[in-house]
>>> print(open('entry_35.cif').read())   # mmCIF, C-alpha atoms and all ligand atoms
data_final
loop_
_atom_site.label_atom_id
_atom_site.label_comp_id
_atom_site.auth_asym_id
_atom_site.auth_seq_id
_atom_site.Cartn_x
_atom_site.Cartn_y
_atom_site.Cartn_z
CA MET E 119 22.34 206.16 222.16
CA ALA E 120 21.50 206.37 225.85
CA LEU E 121 23.30 209.04 227.89
CA LEU E 122 23.74 206.51 230.72
CA SER E 123 23.53 202.75 230.41
CA LEU E 124 24.10 200.06 233.00
CA SER E 125 24.39 196.48 231.78
CA GLY E 126 24.75 193.44 233.96
CA LEU E 127 25.69 195.57 236.97
CA ASP E 128 26.48 193.59 240.12
CA VAL E 129 27.41 195.13 243.47
CA ARG E 130 28.50 193.05 246.43
CA TYR E 131 29.25 194.13 249.98
CA GLY E 132 31.05 191.03 251.24
CA ALA E 133 28.43 188.29 251.45
CA ILE E 134 25.56 190.64 250.55
CA GLN E 135 24.73 191.05 246.89
CA ALA E 136 22.98 194.41 246.85
CA VAL E 137 22.59 194.74 243.06
CA ARG E 138 22.12 191.78 240.71
CA SER E 139 22.63 191.83 236.97
CA LEU E 140 20.96 195.20 236.61
CA ASP E 141 20.23 196.79 233.22
CA LEU E 142 19.06 200.39 233.10
CA GLU E 143 19.17 203.26 230.61
CA VAL E 144 18.67 206.98 230.87
CA ASN E 145 18.26 208.96 227.65
CA GLU E 146 19.21 212.58 227.26
CA GLY E 147 16.51 214.95 228.55
CA GLU E 148 14.59 212.31 230.49
CA ILE E 149 13.57 212.09 234.11
CA VAL E 150 13.87 208.40 234.99
CA ALA E 151 12.57 207.22 238.37
CA LEU E 152 14.14 204.28 240.21
CA LEU E 153 11.65 202.96 242.76
CA GLY E 154 11.53 200.16 245.29
CA ALA E 155 11.20 199.28 248.96
CA ASN E 156 13.80 199.84 251.68
CA GLY E 157 16.93 197.84 251.00
CA ALA E 158 16.05 197.14 247.34
CA GLY E 159 19.44 198.44 246.19
CA LYS E 160 18.52 201.88 244.85
CA SER E 161 21.19 203.91 246.67
CA THR E 162 23.78 201.24 245.95
CA THR E 163 23.00 201.53 242.23
CA LEU E 164 23.50 205.31 242.31
CA LYS E 165 26.71 204.93 244.34
CA ALA E 166 28.08 202.40 241.85
CA ILE E 167 27.39 204.84 238.99
CA VAL E 168 29.55 207.54 240.63
CA GLY E 169 32.26 205.13 241.76
CA LEU E 170 31.29 205.05 245.45
CA ALA E 171 30.26 201.36 245.54
CA PRO E 172 32.21 198.44 244.07
CA GLY E 173 30.41 197.55 240.82
CA LYS E 174 31.06 194.84 238.27
CA GLY E 175 29.58 194.75 234.77
CA GLU E 176 29.32 197.75 232.48
CA ILE E 177 28.46 201.39 233.09
CA ARG E 178 28.63 203.76 230.13
CA PHE E 179 28.12 207.52 230.29
CA ALA E 180 28.12 209.64 227.12
CA GLY E 181 29.70 206.76 225.27
CA GLN E 182 32.55 206.22 227.75
CA ALA E 183 33.00 203.19 230.00
CA ILE E 184 33.19 204.75 233.48
CA LEU E 185 33.13 201.75 235.83
CA GLY E 186 36.33 201.74 237.85
CA ARG E 187 37.06 205.43 237.38
CA ASP E 188 37.58 207.81 240.30
CA THR E 189 34.52 209.66 241.54
CA GLU E 190 36.24 212.98 240.87
CA GLU E 191 36.87 212.06 237.25
CA ILE E 192 33.27 210.86 236.86
CA VAL E 193 31.96 214.15 238.30
CA ARG E 194 34.22 216.08 235.96
CA SER E 195 32.75 214.15 233.02
CA GLY E 196 29.28 215.51 233.87
CA LEU E 197 27.65 213.10 236.30
CA THR E 198 26.88 214.22 239.86
CA MET E 199 24.95 212.60 242.73
CA VAL E 200 23.00 214.30 245.49
CA PRO E 201 23.26 211.66 248.24
CA GLU E 202 20.49 210.42 250.51
CA GLY E 203 20.05 212.58 253.59
CA ARG E 204 21.14 215.84 251.86
CA ARG E 205 24.58 215.80 253.37
CA VAL E 206 25.85 219.35 253.52
CA PHE E 207 28.89 220.36 255.57
CA PRO E 208 27.03 221.78 258.59
CA SER E 209 29.78 223.95 260.05
CA LEU E 210 30.75 225.49 256.70
CA THR E 211 28.73 228.40 255.36
CA VAL E 212 26.23 228.08 252.54
CA GLY E 213 28.67 229.88 250.25
CA GLU E 214 31.55 227.56 251.21
CA ASN E 215 29.37 224.50 250.54
CA LEU E 216 28.53 225.85 247.09
CA ARG E 217 32.19 226.58 246.31
CA LEU E 218 33.11 222.99 247.22
CA GLY E 219 30.61 221.80 244.61
CA ALA E 220 32.70 223.54 241.96
CA ALA E 221 35.98 222.04 243.20
CA THR E 222 36.25 219.71 240.18
CA ARG E 223 35.99 222.72 237.84
CA GLY E 224 38.85 224.88 239.05
CA ASP E 225 37.84 227.70 236.70
CA PRO E 226 37.01 230.91 238.60
CA ALA E 227 34.97 232.51 235.80
CA ALA E 228 32.85 229.39 235.33
CA THR E 229 32.43 229.05 239.11
CA LEU E 230 31.12 232.61 239.34
CA ARG E 231 28.68 232.05 236.48
CA LEU E 232 27.42 228.79 238.01
CA ARG E 233 27.08 230.44 241.43
CA LYS E 234 24.85 233.14 239.86
CA GLU E 235 22.74 230.48 238.13
CA VAL E 236 22.33 228.45 241.32
CA GLU E 237 21.46 231.56 243.34
CA THR E 238 18.87 232.54 240.73
CA LEU E 239 17.34 229.09 241.03
CA PHE E 240 17.52 229.19 244.86
CA PRO E 241 17.37 232.84 246.06
CA ILE E 242 17.51 231.63 249.69
CA LEU E 243 21.08 230.41 249.11
CA ALA E 244 22.16 233.94 248.16
CA GLU E 245 20.35 235.44 251.17
CA ARG E 246 21.98 232.94 253.54
CA ALA E 247 25.42 232.74 251.88
CA GLY E 248 27.27 233.59 255.10
CA GLN E 249 25.21 231.35 257.41
CA ALA E 250 26.37 227.94 258.67
CA ALA E 251 24.71 225.28 256.49
CA GLY E 252 23.73 223.24 259.57
CA THR E 253 21.41 226.03 260.70
CA LEU E 254 19.28 225.88 257.52
CA SER E 255 15.89 224.15 257.58
CA GLY E 256 15.59 220.67 256.05
CA GLY E 257 14.08 222.00 252.83
CA GLN E 258 16.75 224.70 252.57
CA GLN E 259 19.48 222.10 253.14
CA GLN E 260 18.01 220.02 250.30
CA GLN E 261 18.15 223.12 248.07
CA LEU E 262 21.77 223.60 249.10
CA ALA E 263 22.62 219.95 248.41
CA ILE E 264 21.09 220.22 244.93
CA GLY E 265 22.66 223.64 244.38
CA ARG E 266 26.06 222.28 245.35
CA ALA E 267 25.66 219.44 242.85
CA LEU E 268 24.71 221.92 240.13
CA MET E 269 27.97 223.82 240.78
CA SER E 270 29.78 220.92 239.08
CA GLU E 271 27.70 221.63 235.94
CA PRO E 272 26.39 218.09 235.46
CA LYS E 273 24.67 216.76 232.32
CA LEU E 274 23.11 214.01 234.41
CA LEU E 275 22.01 214.51 238.00
CA LEU E 276 21.42 211.53 240.29
CA LEU E 277 19.02 212.40 243.13
CA ASP E 278 18.71 209.99 246.07
CA GLU E 279 15.41 210.48 247.91
CA PRO E 280 15.24 214.27 247.71
CA SER E 281 11.82 214.33 249.43
CA LEU E 282 12.78 212.24 252.47
CA GLY E 283 11.78 213.82 255.77
CA LEU E 284 10.41 217.01 254.24
CA ALA E 285 6.94 218.50 254.85
CA PRO E 286 4.43 217.93 251.99
CA GLN E 287 4.53 221.58 250.84
CA ILE E 288 8.34 221.49 250.64
CA VAL E 289 8.19 218.16 248.81
CA ASP E 290 5.98 219.79 246.15
CA ASP E 291 8.57 222.56 245.80
CA ILE E 292 11.38 220.02 245.33
CA PHE E 293 9.42 218.14 242.63
CA ASP E 294 8.64 221.45 240.88
CA LEU E 295 12.32 222.24 240.98
CA ILE E 296 13.21 218.87 239.41
CA LEU E 297 10.83 219.69 236.53
CA ARG E 298 12.46 223.12 236.14
CA LEU E 299 15.89 221.47 235.99
CA LYS E 300 14.61 219.17 233.25
CA ALA E 301 13.28 222.21 231.35
CA ARG E 302 16.80 223.69 231.53
CA GLY E 303 18.15 220.64 229.73
CA LEU E 304 19.33 218.50 232.63
CA THR E 305 18.82 214.74 232.54
CA ILE E 306 17.76 213.22 235.88
CA LEU E 307 17.83 209.79 237.51
CA LEU E 308 15.57 210.05 240.56
CA VAL E 309 15.46 207.54 243.41
CA GLU E 310 12.27 207.99 245.43
CA GLN E 311 10.13 206.25 248.00
CA ASP E 312 7.26 208.61 247.20
CA ALA E 313 6.38 206.58 244.13
CA VAL E 314 3.26 208.54 243.19
CA ALA E 315 5.05 211.88 243.20
CA ALA E 316 8.02 210.44 241.30
CA LEU E 317 5.83 208.79 238.64
CA ASP E 318 3.94 212.06 238.19
CA ILE E 319 7.09 213.87 237.03
CA ALA E 320 9.08 211.02 235.46
CA ASP E 321 9.11 209.97 231.81
CA ARG E 322 10.01 206.35 232.54
CA ALA E 323 10.53 204.29 235.66
CA TYR E 324 12.17 201.13 236.93
CA VAL E 325 11.08 199.20 240.01
CA MET E 326 13.72 197.31 242.02
CA ALA E 327 13.33 194.50 244.53
CA ASN E 328 16.13 192.51 246.15
CA GLY E 329 18.76 194.03 243.90
CA ARG E 330 16.93 193.33 240.63
CA ILE E 331 14.77 195.31 238.23
CA ILE E 332 11.33 193.70 238.44
CA MET E 333 9.43 196.14 236.27
CA ALA E 334 10.15 198.95 233.82
CA GLY E 335 8.16 201.17 231.50
CA PRO E 336 6.66 204.58 230.80
CA ALA E 337 5.88 206.32 234.10
CA ALA E 338 2.25 206.87 233.12
CA GLU E 339 1.78 203.13 232.57
CA LEU E 340 3.27 202.20 235.92
CA ARG E 341 1.28 204.99 237.56
CA ALA E 342 -1.96 203.62 236.10
CA SER E 343 -1.32 200.00 237.01
CA GLU E 344 -3.15 199.08 240.20
CA GLN E 345 -1.24 195.85 240.29
CA VAL E 346 2.05 197.71 240.33
CA ALA E 347 0.70 200.11 242.89
CA ARG E 348 -0.43 197.44 245.30
CA ALA E 349 2.32 194.93 244.84
CA TYR E 350 5.43 197.02 244.54
CA LEU E 351 4.97 200.65 245.36
CA GLY E 352 3.13 200.60 248.67
CA ILE E 353 0.47 202.90 247.30
CA ALA E 354 -2.81 202.58 249.15
CA GLY E 355 -5.84 201.76 247.00
CA GLU E 356 -7.47 205.18 247.22
CA HIS E 357 -4.33 206.90 245.88
CA ALA E 358 -3.81 204.51 243.00
CA ALA E 359 -4.96 205.77 239.63
N1 LIG B 1 28.19 199.69 252.88
C1 LIG B 1 27.42 198.60 252.99
N2 LIG B 1 27.89 197.46 253.52
C2 LIG B 1 27.12 196.35 253.59
N3 LIG B 1 25.85 196.28 253.15
C3 LIG B 1 25.33 197.39 252.59
C4 LIG B 1 26.06 198.60 252.49
N4 LIG B 1 25.28 199.52 251.90
C5 LIG B 1 24.11 198.91 251.65
N5 LIG B 1 24.13 197.63 252.07
C6 LIG B 1 23.05 196.63 251.92
O1 LIG B 1 22.71 196.56 250.54
C7 LIG B 1 21.30 196.45 250.37
C8 LIG B 1 20.80 197.58 249.50
O2 LIG B 1 20.93 198.81 250.22
P1 LIG B 1 20.60 200.22 249.58
O3 LIG B 1 21.04 201.25 250.54
O4 LIG B 1 21.14 200.27 248.21
O5 LIG B 1 19.01 200.16 249.49
P2 LIG B 1 17.96 201.28 249.10
O6 LIG B 1 17.10 200.69 248.04
O7 LIG B 1 18.63 202.56 248.82
O8 LIG B 1 17.09 201.38 250.45
P3 LIG B 1 16.41 202.67 251.19
O9 LIG B 1 15.13 202.90 250.47
O10 LIG B 1 16.18 202.18 252.57
O11 LIG B 1 17.36 203.81 251.09
C9 LIG B 1 20.71 196.42 251.76
O12 LIG B 1 20.51 195.09 252.11
C10 LIG B 1 21.77 197.06 252.62
O13 LIG B 1 21.72 196.57 253.94
MG MG B 2 18.64 204.38 249.75
#
>>> encode(input="entry_35.cif", output="structure tokens")
Amino acid sequence: MALLSLSGLDVRYGAIQAVRSLDLEVNEGEIVALLGANGAGKSTTLKAIVGLAPGKGEIRFAGQAILGRDTEEIVRSGLTMVPEGRRVFPSLTVGENLRLGAATRGDPAATLRLRKEVETLFPILAERAGQAAGTLSGGQQQQLAIGRALMSEPKLLLLDEPSLGLAPQIVDDIFDLILRLKARGLTILLVEQDAVAALDIADRAYVMANGRIIMAGPAAELRASEQVARAYLGIAGEHAA
């Protein structure tokens, strides 16, 4: 049984249908990439999963139907999203941002344990615990946004464009980190515009266009398909496998 399954998901914003009859599955332990051009509906899909966009259809997580539930309840059940643009609370300290990530837990001992784990994963967050989050570099803010999500102890992490706006070296670090999270047992649904990098670390991938899934399969197969590369992923010929 899939850890997460979407069937026939529709999302409308007034007259705009952002997601159309979408089917998607994420199995336990996988990294699944969700790719597609600007406006394809990737962020909307992630938002619908965590109850932040108005979905219709079916969304099941760990066997439970979650569509229509409160975001807080969904997070408590083990599903957390790191939104596009790594939104941290800039005037709060790094430590305060991390504590907010554990707000759905409300268990001081667990919070302390998670804080230690996150600070082991991201030593910079321990070093800068008392510093305003808005003064961190872009890459550090992305670490904080992911660290804050991990404070809710998710089983499934939804990442929306974690590499956006970061220097290539930092992007490599973020993708390494995603692989380390997988090795620790986390399941990941990754939205990315950097299709090559995403397909290199993903097990499977889906490609969206105009609200629909237009292609799906093992990441290695999509990575190797020149047709996919040229038509859907915006990968220049010399980079395509
Ligand atoms: N709150 C909203 N109200 C109205 N329309 C919206 C809203 N959010 C998104 N849309 C529209 O829904 C469509 C899908 O947007 P979405 O943000 O999901 O795309 P995306 O694939 O994440 O794109 P990008 O790669 O640029 O982040 C777009 O046409 C967008 O303009
Ligand atoms: Mg988006």
>>> residues_near_ligand(input="entry_35.cif", ligand="ligand MG 2 (chain B)", cutoff="9 Å", atoms="all atoms listed in the file", output="PyMOL selection string")
chain E and resi 156-162+164+201-202+278-279+309-311
>>> closest_residue(input="entry_35.cif", among="E:Leu275, E:Ala220, E:Ala244, E:Ile319", to="Asp294 of chain E", atoms="all atoms listed in the file")
E:Ile319
>>> residues_around(input="entry_35.cif", residues="Pro272 of chain E", least_positions_apart="5", cutoff="9 Å", atoms="all atoms listed in the file", output="ChimeraX atom specification")
/E:193-198,267,304-305
>>> closest_atom_pairs(input="entry_35.cif", of="chain E", to="ligand LIG 1 (chain B)", cutoff="12 Å", atoms="all atoms listed in the file", output="Markdown table")
| residue | atom | partner | partner_atom | distance |
| --- | --- | --- | --- | --- |
| E:Asp128 | CA | B:LIG1 | O1 | 11.5 |
| E:Val129 | CA | B:LIG1 | O1 | 8.6 |
| E:Arg130 | CA | B:LIG1 | N3 | 7.9 |
| E:Tyr131 | CA | B:LIG1 | C2 | 4.7 |
| E:Gly132 | CA | B:LIG1 | C2 | 7.0 |
| E:Ala133 | CA | B:LIG1 | C2 | 8.4 |
| E:Ile134 | CA | B:LIG1 | N3 | 6.2 |
| E:Gln135 | CA | B:LIG1 | O1 | 6.9 |
| E:Ala136 | CA | B:LIG1 | O1 | 4.3 |
| E:Val137 | CA | B:LIG1 | C8 | 7.3 |
| E:Arg138 | CA | B:LIG1 | C8 | 10.6 |
| E:Leu152 | CA | B:LIG1 | O6 | 9.1 |
| E:Leu153 | CA | B:LIG1 | O6 | 7.9 |
| E:Gly154 | CA | B:LIG1 | O6 | 6.2 |
| E:Ala155 | CA | B:LIG1 | O9 | 5.6 |
| E:Asn156 | CA | B:LIG1 | O10 | 3.5 |
| E:Gly157 | CA | B:LIG1 | O5 | 3.5 |
| E:Ala158 | CA | B:LIG1 | O6 | 3.8 |
| E:Gly159 | CA | B:LIG1 | O4 | 3.2 |
| E:Lys160 | CA | B:LIG1 | O6 | 3.7 |
| E:Ser161 | CA | B:LIG1 | O7 | 3.6 |
| E:Thr162 | CA | B:LIG1 | O4 | 3.6 |
| E:Thr163 | CA | B:LIG1 | O4 | 6.4 |
| E:Leu164 | CA | B:LIG1 | O4 | 8.1 |
| E:Lys165 | CA | B:LIG1 | O4 | 8.2 |
| E:Ala166 | CA | B:LIG1 | O4 | 9.7 |
| E:Leu170 | CA | B:LIG1 | N1 | 9.7 |
| E:Ala171 | CA | B:LIG1 | N1 | 7.8 |
| E:Pro172 | CA | B:LIG1 | N1 | 9.8 |
| E:Pro201 | CA | B:LIG1 | O11 | 10.2 |
| E:Glu202 | CA | B:LIG1 | O11 | 7.3 |
| E:Gly203 | CA | B:LIG1 | O11 | 9.5 |
| E:Leu277 | CA | B:LIG1 | O7 | 11.4 |
| E:Asp278 | CA | B:LIG1 | O7 | 7.9 |
| E:Glu279 | CA | B:LIG1 | O11 | 7.6 |
| E:Pro280 | CA | B:LIG1 | O11 | 11.2 |
| E:Ser281 | CA | B:LIG1 | O9 | 11.9 |
| E:Leu282 | CA | B:LIG1 | O11 | 9.7 |
| E:Leu308 | CA | B:LIG1 | O7 | 11.6 |
| E:Val309 | CA | B:LIG1 | O7 | 8.0 |
| E:Glu310 | CA | B:LIG1 | O9 | 7.7 |
| E:Gln311 | CA | B:LIG1 | O9 | 6.5 |
| E:Asp312 | CA | B:LIG1 | O9 | 10.3 |
| E:Ala313 | CA | B:LIG1 | O9 | 11.4 |
| E:Val325 | CA | B:LIG1 | O6 | 10.1 |
| E:Met326 | CA | B:LIG1 | O6 | 7.7 |
| E:Ala327 | CA | B:LIG1 | O6 | 8.1 |
| E:Asn328 | CA | B:LIG1 | C8 | 7.7 |
| E:Gly329 | CA | B:LIG1 | C8 | 6.9 |
| E:Arg330 | CA | B:LIG1 | O6 | 10.4 |
| E:Ile331 | CA | B:LIG1 | O6 | 11.4 |
| E:Leu351 | CA | B:LIG1 | O9 | 11.6 |
>>> residues_around(input="entry_35.cif", residues="Phe240 of chain E", least_positions_apart="3", cutoff="10 Å", atoms="all atoms listed in the file", output="JSON, numbers by chain")
{"E": [234, 235, 236, 237, 243, 244, 245, 258, 261, 262, 264, 265, 295]}
>>> closest_residue(input="entry_35.cif", among="E:Ile306, E:Val212, E:Val206, E:Val289", to="Glu146 of chain E", atoms="all atoms listed in the file")
E:Ile306
>>> closest_residue(input="entry_35.cif", among="E:Leu232, E:Ala151, E:Ala323, E:Leu185", to="Ser270 of chain E", atoms="all atoms listed in the file")
E:Leu232
>>> axis_aligned_box(input="entry_35.cif", around="segment 234-239 of chain E", padding_each_side="5 Å", output="lines of an AutoDock Vina configuration file")
center_x = 21.1
center_y = 230.8
center_z = 240.7
size_x = 17.5
size_y = 14.7
size_z = 15.2
>>> residues_around(input="entry_35.cif", residues="Glu176 of chain E", least_positions_apart="6", cutoff="12 Å", atoms="only C-alpha atoms", output="list in words")
Leu122, Ser123, Leu124, Ser125, Gly126, Leu127, Asp128, Val129, Ser139, Leu140, Asp141, Leu142, Glu143, Ala166, Ile167, Gln182, Ala183, Ile184, Leu185, Gly186 and Arg187 of chain E
